[in-house]
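> File structure.tsv follows (TSV, C-alpha atoms and all ligand atoms):
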chain	number	residue	atom	x	y	z
A	1298	MET	CA	4.14	11.29	-25.92
A	1299	TYR	CA	2.35	8.67	-23.86
A	1300	LYS	CA	4.63	7.15	-21.22
A	1301	LYS	CA	4.01	3.77	-19.64
A	1302	LEU	CA	4.49	4.22	-15.91
A	1303	PHE	CA	7.03	2.03	-14.14
A	1304	ILE	CA	6.87	4.30	-11.10
A	1305	PRO	CA	5.48	3.30	-7.68
A	1306	GLY	CA	2.26	5.19	-8.12
A	1307	PRO	CA	0.30	6.24	-9.96
A	1308	THR	CA	0.77	3.11	-12.02
A	1309	HIS	CA	-0.15	2.23	-15.58
A	1310	VAL	CA	-3.95	2.12	-16.01
A	1311	ARG	CA	-5.41	-0.14	-18.70
A	1312	ASP	CA	-7.77	1.39	-21.27
A	1313	GLU	CA	-10.70	-0.79	-20.13
A	1314	ILE	CA	-10.33	0.62	-16.63
A	1315	LEU	CA	-10.14	4.21	-17.87
A	1316	GLN	CA	-13.32	3.54	-19.82
A	1317	ALA	CA	-15.10	1.99	-16.84
A	1318	GLN	CA	-14.59	5.34	-15.12
A	1319	ALA	CA	-16.57	7.08	-17.84
A	1320	ALA	CA	-19.84	5.26	-17.10
A	1321	PRO	CA	-22.89	7.54	-16.59
A	1322	MET	CA	-23.17	9.17	-13.18
A	1323	ILE	CA	-25.51	7.78	-10.56
A	1324	GLY	CA	-26.83	9.31	-7.33
A	1325	HIS	CA	-25.00	8.24	-4.19
A	1326	ARG	CA	-28.28	7.76	-2.32
A	1327	ALA	CA	-29.84	5.83	-5.22
A	1328	LYS	CA	-30.26	2.08	-5.21
A	1329	GLU	CA	-27.84	1.84	-8.17
A	1330	TYR	CA	-25.08	3.11	-5.94
A	1331	SER	CA	-25.96	0.76	-3.08
A	1332	ALA	CA	-25.88	-2.09	-5.58
A	1333	LEU	CA	-22.41	-1.01	-6.74
A	1334	GLN	CA	-20.89	-0.77	-3.25
A	1335	GLY	CA	-22.68	-3.97	-2.27
A	1336	GLU	CA	-21.06	-5.71	-5.22
A	1337	VAL	CA	-17.53	-4.43	-4.87
A	1338	THR	CA	-17.16	-4.88	-1.09
A	1339	PRO	CA	-17.25	-8.72	-1.03
A	1340	LYS	CA	-14.72	-8.75	-3.87
A	1341	LEU	CA	-12.36	-6.63	-1.75
A	1342	GLN	CA	-12.93	-8.96	1.20
A	1343	GLN	CA	-11.92	-11.83	-1.05
A	1344	LEU	CA	-8.78	-9.96	-2.11
A	1345	LEU	CA	-7.83	-9.47	1.55
A	1346	TYR	CA	-8.96	-12.93	2.70
A	1347	THR	CA	-11.20	-11.34	5.30
A	1348	GLY	CA	-14.70	-11.46	6.70
A	1349	GLN	CA	-14.18	-8.10	8.40
A	1350	ARG	CA	-15.47	-4.76	7.17
A	1351	VAL	CA	-13.87	-3.04	4.20
A	1352	TYR	CA	-14.51	0.70	3.81
A	1353	LEU	CA	-14.07	2.92	0.77
A	1354	PHE	CA	-12.89	6.44	1.48
A	1355	ALA	CA	-12.84	9.29	-1.03
A	1356	SER	CA	-9.28	10.30	-0.14
A	1357	SER	CA	-5.71	9.50	-0.98
A	1358	SER	CA	-4.09	6.97	1.37
A	1359	SER	CA	-2.56	9.64	3.60
A	1360	GLY	CA	-5.98	10.81	4.78
A	1361	VAL	CA	-6.90	7.30	5.92
A	1362	MET	CA	-3.49	6.82	7.58
A	1363	GLU	CA	-4.14	9.95	9.64
A	1364	GLY	CA	-7.78	9.05	10.28
A	1365	SER	CA	-6.94	5.53	11.40
A	1366	VAL	CA	-4.16	6.46	13.82
A	1367	ARG	CA	-6.49	9.05	15.36
A	1368	GLN	CA	-8.93	6.35	16.45
A	1369	ALA	CA	-6.50	3.56	17.40
A	1370	SER	CA	-5.30	4.35	20.88
A	1371	THR	CA	-6.32	5.50	24.34
A	1372	LYS	CA	-2.80	4.96	25.67
A	1373	LYS	CA	0.28	5.20	23.47
A	1374	VAL	CA	1.19	4.33	19.87
A	1375	LEU	CA	4.45	2.77	18.69
A	1376	ASN	CA	5.29	4.09	15.20
A	1377	THR	CA	7.82	1.95	13.35
A	1378	VAL	CA	9.95	3.92	10.88
A	1379	CYS	CA	12.05	2.42	8.07
A	1380	GLY	CA	11.77	5.10	5.40
A	1381	ALA	CA	9.79	8.11	4.22
A	1382	PHE	CA	6.26	6.69	4.28
A	1383	SER	CA	6.45	5.00	7.67
A	1384	LYS	CA	7.96	8.23	8.98
A	1385	ARG	CA	4.94	10.11	7.69
A	1386	TRP	CA	2.66	8.01	9.89
A	1387	HIS	CA	4.75	8.98	12.91
A	1388	GLN	CA	4.53	12.65	11.93
A	1389	MET	CA	0.74	12.35	11.67
A	1390	THR	CA	0.55	10.74	15.10
A	1391	VAL	CA	2.60	13.58	16.58
A	1392	ALA	CA	0.62	16.23	14.69
A	1393	ASN	CA	-2.61	14.91	16.21
A	1394	GLY	CA	-1.22	15.14	19.75
A	1395	ILE	CA	-1.38	11.39	20.27
A	1396	PRO	CA	1.19	10.01	22.75
A	1397	CYS	CA	3.70	7.98	20.73
A	1398	ASP	CA	7.26	6.74	20.37
A	1399	ARG	CA	9.15	5.80	17.27
A	1400	LEU	CA	11.14	2.69	16.59
A	1401	GLU	CA	13.46	3.56	13.72
A	1402	VAL	CA	15.88	1.54	11.63
A	1403	PRO	CA	18.26	2.97	8.98
A	1404	MET	CA	16.92	3.28	5.43
A	1405	GLY	CA	17.18	-0.02	3.57
A	1406	GLN	CA	16.66	-2.13	6.67
A	1407	ALA	CA	13.51	-3.90	7.80
A	1408	ILE	CA	11.52	-3.75	11.00
A	1409	THR	CA	12.05	-7.14	12.62
A	1410	THR	CA	10.13	-9.14	15.20
A	1411	ASP	CA	12.93	-8.81	17.74
A	1412	LEU	CA	13.04	-5.02	17.43
A	1413	VAL	CA	9.27	-4.78	17.83
A	1414	ASP	CA	9.34	-7.08	20.86
A	1415	GLU	CA	12.05	-5.03	22.53
A	1416	ALA	CA	10.24	-1.75	21.84
A	1417	LEU	CA	6.75	-2.87	22.89
A	1418	ALA	CA	8.12	-4.24	26.18
A	1419	LYS	CA	9.28	-0.75	27.17
A	1420	ASP	CA	5.91	0.96	27.70
A	1421	ASP	CA	2.15	0.52	27.84
A	1422	TYR	CA	1.33	0.68	24.13
A	1423	ASP	CA	-2.06	-0.20	22.68
A	1424	ALA	CA	-1.38	0.33	18.95
A	1425	ILE	CA	1.47	-0.03	16.45
A	1426	THR	CA	1.85	1.40	12.94
A	1427	LEU	CA	3.76	-0.60	10.34
A	1428	CYS	CA	4.42	-0.08	6.68
A	1429	HIS	CA	4.13	-3.37	4.79
A	1430	ASN	CA	6.06	-2.23	1.75
A	1431	GLU	CA	8.28	0.82	2.28
A	1432	THR	CA	8.12	2.36	-1.17
A	1433	SER	CA	11.00	4.76	-0.53
A	1434	THR	CA	13.53	1.97	0.10
A	1435	GLY	CA	12.09	-1.12	-1.63
A	1436	VAL	CA	11.91	-3.08	1.62
A	1437	MET	CA	9.02	-5.37	2.55
A	1438	ASN	CA	8.59	-5.83	6.29
A	1439	PRO	CA	7.79	-9.33	7.69
A	1440	ILE	CA	4.27	-8.45	8.82
A	1441	PRO	CA	2.95	-12.00	9.47
A	1442	GLU	CA	5.78	-12.76	11.92
A	1443	ILE	CA	5.50	-9.38	13.63
A	1444	ALA	CA	1.73	-9.75	13.94
A	1445	ALA	CA	2.11	-13.27	15.39
A	1446	LEU	CA	4.49	-11.97	18.04
A	1447	ILE	CA	2.11	-9.14	18.96
A	1448	HIS	CA	-0.82	-11.54	19.32
A	1449	GLU	CA	1.22	-13.80	21.53
A	1450	LYS	CA	2.79	-11.23	23.83
A	1451	TYR	CA	0.90	-7.94	23.46
A	1452	PRO	CA	-2.75	-8.82	22.83
A	1453	ASP	CA	-3.92	-5.25	23.55
A	1454	VAL	CA	-1.90	-3.74	20.72
A	1455	LEU	CA	-3.87	-2.92	17.56
A	1456	ILE	CA	-1.93	-3.61	14.35
A	1457	LEU	CA	-2.24	-0.84	11.76
A	1458	ILE	CA	-0.78	-1.57	8.33
A	1459	ASP	CA	0.05	0.85	5.55
A	1460	ALA	CA	-0.25	-1.51	2.58
A	1461	VAL	CA	-0.45	1.30	0.05
A	1462	SER	CA	2.14	-0.15	-2.33
A	1463	SER	CA	1.45	-3.84	-1.69
A	1464	MET	CA	-2.31	-4.42	-1.43
A	1465	ALA	CA	-3.57	-6.12	-4.62
A	1466	GLY	CA	0.03	-6.88	-5.63
A	1467	SER	CA	1.31	-9.02	-2.78
A	1468	LYS	CA	-0.71	-11.49	-0.72
A	1469	ILE	CA	-2.14	-10.03	2.48
A	1470	GLU	CA	-4.24	-12.37	4.63
A	1471	PHE	CA	-6.00	-9.89	6.89
A	1472	ASP	CA	-7.78	-12.44	9.11
A	1473	ALA	CA	-5.10	-15.14	9.24
A	1474	TRP	CA	-2.41	-12.60	10.06
A	1475	GLY	CA	-4.71	-10.97	12.63
A	1476	LEU	CA	-4.49	-7.41	11.35
A	1477	ASP	CA	-6.68	-4.60	12.67
A	1478	VAL	CA	-6.39	-1.90	10.02
A	1479	CYS	CA	-4.98	-2.34	6.52
A	1480	LEU	CA	-5.27	0.41	3.94
A	1481	ALA	CA	-4.23	1.28	0.40
A	1482	GLY	CA	-4.95	3.94	-2.17
A	1483	VAL	CA	-5.98	2.49	-5.52
A	1484	GLN	CA	-3.32	4.25	-7.64
A	1485	LYS	CA	-0.64	1.65	-6.89
A	1486	CYS	CA	-1.15	-2.13	-7.16
A	1487	PHE	CA	-4.86	-1.79	-7.93
A	1488	ALA	CA	-3.78	0.09	-11.09
A	1489	LEU	CA	-6.57	2.67	-10.99
A	1490	PRO	CA	-6.39	6.46	-11.16
A	1491	PRO	CA	-5.85	8.10	-7.73
A	1492	GLY	CA	-8.47	9.40	-5.28
A	1493	LEU	CA	-9.89	6.36	-3.52
A	1494	THR	CA	-8.65	4.35	-0.53
A	1495	VAL	CA	-9.60	0.82	0.48
A	1496	CYS	CA	-9.41	0.11	4.22
A	1497	ALA	CA	-10.13	-3.14	6.06
A	1498	VAL	CA	-10.93	-2.73	9.77
A	1499	SER	CA	-11.31	-5.42	12.42
A	1500	ASP	CA	-14.17	-5.54	14.91
A	1501	ARG	CA	-11.76	-4.86	17.75
A	1502	ALA	CA	-10.40	-1.76	15.99
A	1503	ARG	CA	-13.99	-0.53	15.58
A	1504	GLU	CA	-14.60	-1.11	19.29
A	1505	ARG	CA	-11.40	0.68	20.24
A	1506	SER	CA	-12.36	3.62	18.09
A	1507	LEU	CA	-15.52	4.17	20.14
A	1508	GLN	CA	-13.35	4.67	23.24
A	1509	VAL	CA	-11.30	7.44	21.62
A	1510	SER	CA	-13.02	10.76	22.31
A	1511	ASN	CA	-11.27	12.89	19.66
A	1512	ARG	CA	-11.40	10.38	16.86
A	1513	GLY	CA	-12.46	12.92	14.24
A	1514	LEU	CA	-15.49	12.54	12.00
A	1515	TYR	CA	-14.78	12.06	8.28
A	1516	PHE	CA	-12.67	8.92	8.72
A	1517	ALA	CA	-14.39	7.65	11.90
A	1518	TYR	CA	-15.46	4.03	11.54
A	1519	ASP	CA	-18.71	4.54	13.47
A	1520	GLN	CA	-19.69	7.17	10.89
A	1521	MET	CA	-18.99	4.70	8.08
A	1522	ASP	CA	-20.92	2.03	10.00
A	1523	LYS	CA	-24.09	4.13	10.03
A	1524	ARG	CA	-24.53	3.36	6.34
A	1525	TYR	CA	-22.36	0.25	5.92
A	1526	GLU	CA	-25.28	-2.19	5.95
A	1527	THR	CA	-27.11	-0.22	3.26
A	1528	HIS	CA	-23.90	-0.04	1.18
A	1529	GLN	CA	-23.46	3.70	1.27
A	1530	THR	CA	-21.01	6.21	2.74
A	1531	PRO	CA	-21.79	9.27	4.90
A	1532	ALA	CA	-20.23	11.73	2.42
A	1533	THR	CA	-20.27	11.59	-1.37
A	1534	PRO	CA	-18.13	8.66	-2.54
A	1535	ALA	CA	-15.75	8.67	-5.52
A	1536	ILE	CA	-18.39	7.02	-7.71
A	1537	SER	CA	-16.44	6.89	-10.99
A	1538	LEU	CA	-13.45	5.31	-9.29
A	1539	ILE	CA	-15.64	2.76	-7.54
A	1540	GLN	CA	-17.20	1.85	-10.90
A	1541	ALA	CA	-13.69	1.31	-12.26
A	1542	LEU	CA	-12.68	-0.61	-9.13
A	1543	ASN	CA	-15.65	-2.94	-9.55
A	1544	LYS	CA	-14.52	-3.74	-13.09
A	1545	GLN	CA	-10.90	-4.14	-11.98
A	1546	MET	CA	-11.88	-6.51	-9.15
A	1547	ASP	CA	-13.83	-8.64	-11.62
A	1548	ASP	CA	-10.74	-8.87	-13.81
A	1549	ILE	CA	-8.42	-9.56	-10.86
A	1550	LEU	CA	-10.63	-12.35	-9.50
A	1551	ALA	CA	-11.26	-13.82	-12.96
A	1552	SER	CA	-7.53	-14.19	-13.66
A	1553	GLY	CA	-6.96	-15.53	-10.13
A	1554	LEU	CA	-5.41	-14.09	-6.98
A	1555	GLU	CA	-2.60	-16.64	-6.77
A	1556	GLN	CA	-1.72	-15.87	-10.36
A	1557	ARG	CA	-1.56	-12.15	-9.51
A	1558	TRP	CA	0.78	-12.69	-6.54
A	1559	ALA	CA	2.97	-14.99	-8.64
A	1560	ARG	CA	3.17	-12.47	-11.50
A	1561	HIS	CA	4.38	-9.76	-9.13
A	1562	ILE	CA	7.06	-12.07	-7.71
A	1563	ALA	CA	8.13	-13.10	-11.22
A	1564	MET	CA	8.49	-9.44	-12.27
A	1565	ALA	CA	10.43	-8.65	-9.07
A	1566	GLU	CA	12.84	-11.53	-9.64
A	1567	ILE	CA	13.61	-10.39	-13.18
A	1568	VAL	CA	14.34	-6.83	-12.04
A	1569	ARG	CA	16.47	-8.04	-9.09
A	1570	GLU	CA	18.54	-10.30	-11.30
A	1571	TRP	CA	19.08	-7.48	-13.77
A	1572	ALA	CA	20.01	-5.08	-10.95
A	1573	ARG	CA	22.50	-7.52	-9.40
A	1574	LYS	CA	24.17	-8.03	-12.75
A	1575	ASN	CA	24.37	-4.39	-13.78
A	1576	PHE	CA	24.17	-2.37	-10.56
A	1577	ALA	CA	23.41	-3.47	-6.98
A	1578	LEU	CA	20.32	-3.88	-4.86
A	1579	TYR	CA	19.79	-1.22	-2.22
A	1580	GLY	CA	17.85	-2.92	0.57
A	1581	ASP	CA	18.47	-5.89	2.86
A	1582	GLU	CA	18.35	-8.94	0.56
A	1583	ARG	CA	16.19	-10.85	3.06
A	1584	TYR	CA	13.36	-8.32	2.83
A	1585	LEU	CA	13.10	-7.22	-0.77
A	1586	SER	CA	9.80	-5.86	-2.05
A	1587	ASN	CA	7.64	-7.81	-4.47
A	1588	THR	CA	6.27	-4.63	-6.02
A	1589	VAL	CA	9.12	-2.12	-6.34
A	1590	THR	CA	12.89	-2.55	-6.64
A	1591	ASN	CA	15.31	0.11	-5.43
A	1592	VAL	CA	18.49	-0.12	-7.48
A	1593	GLU	CA	21.73	1.37	-6.14
A	1594	ASN	CA	23.29	3.56	-8.81
A	1595	THR	CA	26.76	1.99	-8.58
A	1596	ARG	CA	27.66	3.16	-12.09
A	1597	GLY	CA	26.97	6.80	-11.30
A	1598	ILE	CA	24.66	7.23	-14.28
A	1599	SER	CA	22.42	10.28	-14.52
A	1600	VAL	CA	19.04	8.92	-13.46
A	1601	ALA	CA	17.31	12.08	-14.68
A	1602	GLY	CA	19.08	11.66	-18.03
A	1603	LEU	CA	18.05	8.03	-18.25
A	1604	ASN	CA	14.45	9.00	-17.64
A	1605	GLN	CA	14.64	11.64	-20.40
A	1606	GLU	CA	15.80	8.98	-22.83
A	1607	LEU	CA	13.13	6.56	-21.61
A	1608	ALA	CA	10.49	9.23	-22.15
A	1609	LEU	CA	11.39	9.32	-25.84
A	1610	ARG	CA	10.72	5.58	-25.93
A	1611	GLY	CA	7.45	5.81	-24.00
A	1612	ALA	CA	8.41	4.80	-20.45
A	1613	MET	CA	9.08	6.36	-17.06
A	1614	ILE	CA	10.87	5.05	-13.96
A	1615	SER	CA	11.43	6.76	-10.58
A	1616	ASN	CA	14.45	8.48	-9.20
A	1617	GLY	CA	15.62	7.59	-5.69
A	1618	TYR	CA	13.37	8.96	-2.95
A	1619	GLY	CA	14.48	12.09	-1.06
A	1620	ASP	CA	18.15	11.84	-0.11
A	1621	LEU	CA	18.49	8.78	-2.35
A	1622	LYS	CA	17.89	10.87	-5.47
A	1623	GLU	CA	20.49	10.01	-8.14
A	1624	LYS	CA	22.07	7.57	-5.64
A	1625	CYS	CA	19.32	5.08	-6.45
A	1626	PHE	CA	16.52	4.60	-8.92
A	1627	ARG	CA	13.32	2.66	-8.52
A	1628	ILE	CA	11.58	0.38	-10.94
A	1629	ALA	CA	8.00	-0.41	-9.97
A	1630	HIS	CA	6.65	-3.78	-11.06
A	1631	MET	CA	3.15	-3.48	-9.76
A	1632	GLY	CA	-0.46	-3.37	-10.80
A	1633	ASP	CA	-1.30	-4.58	-14.26
A	1634	LEU	CA	2.25	-4.55	-15.63
A	1635	THR	CA	3.38	-7.87	-17.07
A	1636	VAL	CA	6.62	-9.83	-17.32
A	1637	ALA	CA	6.72	-8.77	-20.99
A	1638	ASP	CA	6.45	-5.08	-20.01
A	1639	ILE	CA	9.33	-5.48	-17.55
A	1640	LYS	CA	11.53	-7.28	-20.07
A	1641	TRP	CA	10.78	-4.57	-22.62
A	1642	LEU	CA	11.69	-1.81	-20.12
A	1643	LEU	CA	14.97	-3.45	-19.09
A	1644	GLY	CA	15.83	-3.95	-22.77
A	1645	GLN	CA	15.31	-0.24	-23.36
A	1646	ILE	CA	17.51	0.67	-20.38
A	1647	ASP	CA	20.23	-1.74	-21.58
A	1648	ASP	CA	20.11	-0.11	-24.98
A	1649	ILE	CA	20.25	3.45	-23.63
A	1650	LEU	CA	23.11	2.71	-21.21
A	1651	GLY	CA	24.96	0.36	-23.55
A	1652	LEU	CA	24.86	-2.48	-21.03
B	1	LIG	C1	2.26	6.20	-2.01
B	1	LIG	C2	2.37	5.81	-0.58
B	1	LIG	C3	1.73	6.53	0.44
B	1	LIG	C4	1.00	7.82	0.18
B	1	LIG	O1	-0.17	7.58	-0.49
B	1	LIG	P1	-1.11	8.77	-1.03
B	1	LIG	O2	-2.16	7.99	-1.73
B	1	LIG	O3	-0.25	9.61	-1.91
B	1	LIG	O4	-1.61	9.52	0.14
B	1	LIG	C5	1.80	6.05	1.73
B	1	LIG	N1	2.48	4.94	2.02
B	1	LIG	C6	3.13	4.22	1.07
B	1	LIG	C7	3.86	2.98	1.47
B	1	LIG	C8	3.09	4.64	-0.25
B	1	LIG	O5	3.73	3.93	-1.20
Let me see whether you can do it: turn the structure in this file into structure tokens.

Amino acid sequence: MYKKLFIPGPTHVRDEILQAQAAPMIGHRAKEYSALQGEVTPKLQQLLYTGQRVYLFASSSSGVMEGSVRQASTKKVLNTVCGAFSKRWHQMTVANGIPCDRLEVPMGQAITTDLVDEALAKDDYDAITLCHNETSTGVMNPIPEIAALIHEKYPDVLILIDAVSSMAGSKIEFDAWGLDVCLAGVQKCFALPPGLTVCAVSDRARERSLQVSNRGLYFAYDQMDKRYETHQTPATPAISLIQALNKQMDDILASGLEQRWARHIAMAEIVREWARKNFALYGDERYLSNTVTNVENTRGISVAGLNQELALRGAMISNGYGDLKEKCFRIAHMGDLTVADIKWLLGQIDDILGL
């Protein structure tokens, strides 16, 4: 049976978007393709409130996380860790032999401006990695404040943002916040099938990249730049997904960005209120995510059992991540889901659990 996905990726994909993916194939060196990339790129710049370059990589987000940290630093990177995904960026930095330190907070807590200040003061760093929305814990880090501090006190430090589970669901002002790299795979808040990553890169991050000798090739910005002006990519792009993305961006912009941010907050507030009443919220209340809520399983229900029952009714939620399995469960309210979808889901859970 078809299950509507209330999991933090891949998310529910509307039929119109699935169909947009089935358009006839075009050659990636043909003018039809250049027209497509030339059309979709300004729409993505609008989404991110930026005049900087936005690249499309045929890769899941992890590839671009690794590729971007490889070309960010000639000195030392500070990796901030507040859960499984931010930890992965640290592991990638280590695996590539890049000098780095980690600033870690316990799961459920946020990375704060004070902690970043204290950590950056300790050594000669020139890049920082931050996860905007830590999907494993349901915490949203205060990126604008952290970025403002870095610009004021550590102007050399490039700001790399994993926005995989927030971009296109929560407002990110790339230029106003002064970000340098901000990336997201399209299977989360963009509500597309997986396989494509959107990545905004500042001019100063592109300049830094040129100073890094072992920056790799596939994800290197200067490689992308060779064909950026002609709206192509060095390797074969994920054409079907870009066709679907172009349609999705039209729909997103037509219904309005502010409306999209507000809908995500409205869905989050409904889930939080329900969780407070029936269970408890896992993360620090001051930094709750707009796109996914991590609910503490205070009733000791079987999360796996709940999901089995939900499957019979055509829905799926997520268990807790890693060690939080069965101790928590996560309800994603991202992408093209609506307030009505969320109310329906919570009604089903109430009915199953007898709440
Ligand atoms: C899903 C997710 C990732 C991993 O993305 P892939 O597309 O699976 O590589 C990284 N970071 C965050 C915050 C995520 O939610």
> Given all atoms listed in the file as the basis, pick out the residue of A:Ser1506, A:Ser1537, A:Ser1586, A:Ser1433 nearest to A:His1325.
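Smallest distance to A:His1325 is found for A:Ser1537.
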> Have a look at A:Trp1558, A:Phe1471, A:Tyr1422, A:Phe1487 and name the one nearest to ligand LIG 1 (chain B); count all atoms listed in the file.
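Using all atoms listed in the file, the shortest distance to ligand LIG 1 (chain B) belongs to A:Phe1487.
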> In Å, with one decimal, what is the gap from atom CA of A:Ile1549 to atom CA of A:Asn1587?
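Here the two named atoms are 17.4 Å from each other.
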> State, in Å with one decimal place, the distance from atom CA of A:Ala1608 to atom CA of A:Lys1301.
8.8 Å
> Mind giving me the straight-line distance from atom CA of A:Ala1565 to atom C5 of ligand LIG 1 (chain B) in Å, one decimal?
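Separating atom CA of A:Ala1565 from atom C5 of ligand LIG 1 (chain B) is a distance of 20.2 Å.
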> Once you count all atoms listed in the file, which residues end up no further than 8 Å from (-10.0, 5.1, 21.2) in the file's frame, shown as an NGL selection string?
:A and (1367-1371 or 1504-1510 or 1512)
> Restricting the calculation to all atoms listed in the file, which member of A:Cys1397, A:Met1564, A:Val1351, A:Met1631 is positioned closest to ligand LIG 1 (chain B)?
A:Met1631
> Would you please work out which residue, of A:Asn1393, A:Gln1406, A:Thr1308, A:Gln1540, is nearest to A:Ala1612 when using all atoms listed in the file?
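Comparing A:Asn1393, A:Gln1406, A:Thr1308, A:Gln1540 against A:Ala1612, the winner is A:Thr1308.
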> Could you name the residues that touch A:Asn1616 at 9 Å or less, counting only C-alpha atoms, but leaving out those on the same chain fewer than 4 positions away, as JSON, numbers by chain?
{"A": [1304, 1600, 1601, 1604, 1621, 1622, 1623, 1624, 1625, 1626, 1627, 1628]}
> May I have the protein, DNA and RNA residues with an atom at most 10 Å from (-13.8, 13.3, 3.9), counting only C-alpha atoms in the file's coordinates, returned as a list in words?
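Those within range, by chain then number, are Phe1354, Ala1355, Ser1356, Gly1360, Val1361, Gly1364, Leu1514, Tyr1515, Phe1516, Ala1517, Pro1531, Ala1532, Thr1533 and Pro1534 of chain A.
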> Sort by chain and increasing residue number a table of all residues of chain A within 10 Å of ligand LIG 1 (chain B), each with its closest pair of atoms and their distance in Å to one decimal, counting all atoms listed in the file, and write it as JSON lines.

{"residue": "A:Pro1305", "atom": "CA", "partner": "B:LIG1", "partner_atom": "O5", "distance": 6.7}
{"residue": "A:Gly1306", "atom": "CA", "partner": "B:LIG1", "partner_atom": "C1", "distance": 6.2}
{"residue": "A:Pro1307", "atom": "CA", "partner": "B:LIG1", "partner_atom": "C1", "distance": 8.2}
{"residue": "A:Ser1356", "atom": "CA", "partner": "B:LIG1", "partner_atom": "O2", "distance": 7.7}
{"residue": "A:Ser1357", "atom": "CA", "partner": "B:LIG1", "partner_atom": "O2", "distance": 3.9}
{"residue": "A:Ser1358", "atom": "CA", "partner": "B:LIG1", "partner_atom": "O4", "distance": 3.8}
{"residue": "A:Ser1359", "atom": "CA", "partner": "B:LIG1", "partner_atom": "O4", "distance": 3.6}
{"residue": "A:Gly1360", "atom": "CA", "partner": "B:LIG1", "partner_atom": "O4", "distance": 6.5}
{"residue": "A:Val1361", "atom": "CA", "partner": "B:LIG1", "partner_atom": "O4", "distance": 8.1}
{"residue": "A:Met1362", "atom": "CA", "partner": "B:LIG1", "partner_atom": "C5", "distance": 7.9}
{"residue": "A:Glu1363", "atom": "CA", "partner": "B:LIG1", "partner_atom": "O4", "distance": 9.8}
{"residue": "A:Gly1380", "atom": "CA", "partner": "B:LIG1", "partner_atom": "C7", "distance": 9.1}
{"residue": "A:Ala1381", "atom": "CA", "partner": "B:LIG1", "partner_atom": "N1", "distance": 8.3}
{"residue": "A:Phe1382", "atom": "CA", "partner": "B:LIG1", "partner_atom": "N1", "distance": 4.7}
{"residue": "A:Ser1383", "atom": "CA", "partner": "B:LIG1", "partner_atom": "N1", "distance": 6.9}
{"residue": "A:Lys1384", "atom": "CA", "partner": "B:LIG1", "partner_atom": "N1", "distance": 9.4}
{"residue": "A:Arg1385", "atom": "CA", "partner": "B:LIG1", "partner_atom": "C5", "distance": 7.9}
{"residue": "A:Trp1386", "atom": "CA", "partner": "B:LIG1", "partner_atom": "C5", "distance": 8.4}
{"residue": "A:Leu1427", "atom": "CA", "partner": "B:LIG1", "partner_atom": "C7", "distance": 9.6}
{"residue": "A:Cys1428", "atom": "CA", "partner": "B:LIG1", "partner_atom": "C7", "distance": 6.1}
{"residue": "A:His1429", "atom": "CA", "partner": "B:LIG1", "partner_atom": "C7", "distance": 7.2}
{"residue": "A:Asn1430", "atom": "CA", "partner": "B:LIG1", "partner_atom": "C7", "distance": 5.7}
{"residue": "A:Glu1431", "atom": "CA", "partner": "B:LIG1", "partner_atom": "C7", "distance": 5.0}
{"residue": "A:Thr1432", "atom": "CA", "partner": "B:LIG1", "partner_atom": "O5", "distance": 4.7}
{"residue": "A:Ser1433", "atom": "CA", "partner": "B:LIG1", "partner_atom": "O5", "distance": 7.3}
{"residue": "A:Thr1434", "atom": "CA", "partner": "B:LIG1", "partner_atom": "C7", "distance": 9.8}
{"residue": "A:Gly1435", "atom": "CA", "partner": "B:LIG1", "partner_atom": "C7", "distance": 9.7}
{"residue": "A:Met1437", "atom": "CA", "partner": "B:LIG1", "partner_atom": "C7", "distance": 9.9}
{"residue": "A:Ile1458", "atom": "CA", "partner": "B:LIG1", "partner_atom": "C7", "distance": 9.4}
{"residue": "A:Asp1459", "atom": "CA", "partner": "B:LIG1", "partner_atom": "N1", "distance": 5.9}
{"residue": "A:Ala1460", "atom": "CA", "partner": "B:LIG1", "partner_atom": "C7", "distance": 6.2}
{"residue": "A:Val1461", "atom": "CA", "partner": "B:LIG1", "partner_atom": "C6", "distance": 4.7}
{"residue": "A:Ser1462", "atom": "CA", "partner": "B:LIG1", "partner_atom": "O5", "distance": 4.5}
{"residue": "A:Ser1463", "atom": "CA", "partner": "B:LIG1", "partner_atom": "C7", "distance": 7.9}
{"residue": "A:Leu1480", "atom": "CA", "partner": "B:LIG1", "partner_atom": "N1", "distance": 9.2}
{"residue": "A:Ala1481", "atom": "CA", "partner": "B:LIG1", "partner_atom": "O2", "distance": 7.3}
{"residue": "A:Gly1482", "atom": "CA", "partner": "B:LIG1", "partner_atom": "O2", "distance": 4.9}
{"residue": "A:Val1483", "atom": "CA", "partner": "B:LIG1", "partner_atom": "O2", "distance": 7.7}
{"residue": "A:Gln1484", "atom": "CA", "partner": "B:LIG1", "partner_atom": "O2", "distance": 7.1}
{"residue": "A:Lys1485", "atom": "CA", "partner": "B:LIG1", "partner_atom": "C1", "distance": 7.3}
{"residue": "A:Cys1486", "atom": "CA", "partner": "B:LIG1", "partner_atom": "O5", "distance": 9.8}
{"residue": "A:Pro1491", "atom": "CA", "partner": "B:LIG1", "partner_atom": "O2", "distance": 7.0}
{"residue": "A:Gly1492", "atom": "CA", "partner": "B:LIG1", "partner_atom": "O2", "distance": 7.4}
{"residue": "A:Leu1493", "atom": "CA", "partner": "B:LIG1", "partner_atom": "O2", "distance": 8.1}
{"residue": "A:Thr1494", "atom": "CA", "partner": "B:LIG1", "partner_atom": "O2", "distance": 7.5}
{"residue": "A:Val1589", "atom": "CA", "partner": "B:LIG1", "partner_atom": "O5", "distance": 9.6}
> Pick out the closest residue to A:Leu1550 from this set: A:Ala1465, A:Met1298, A:Ile1314, A:Ile1395. Count all atoms listed in the file.
A:Ala1465
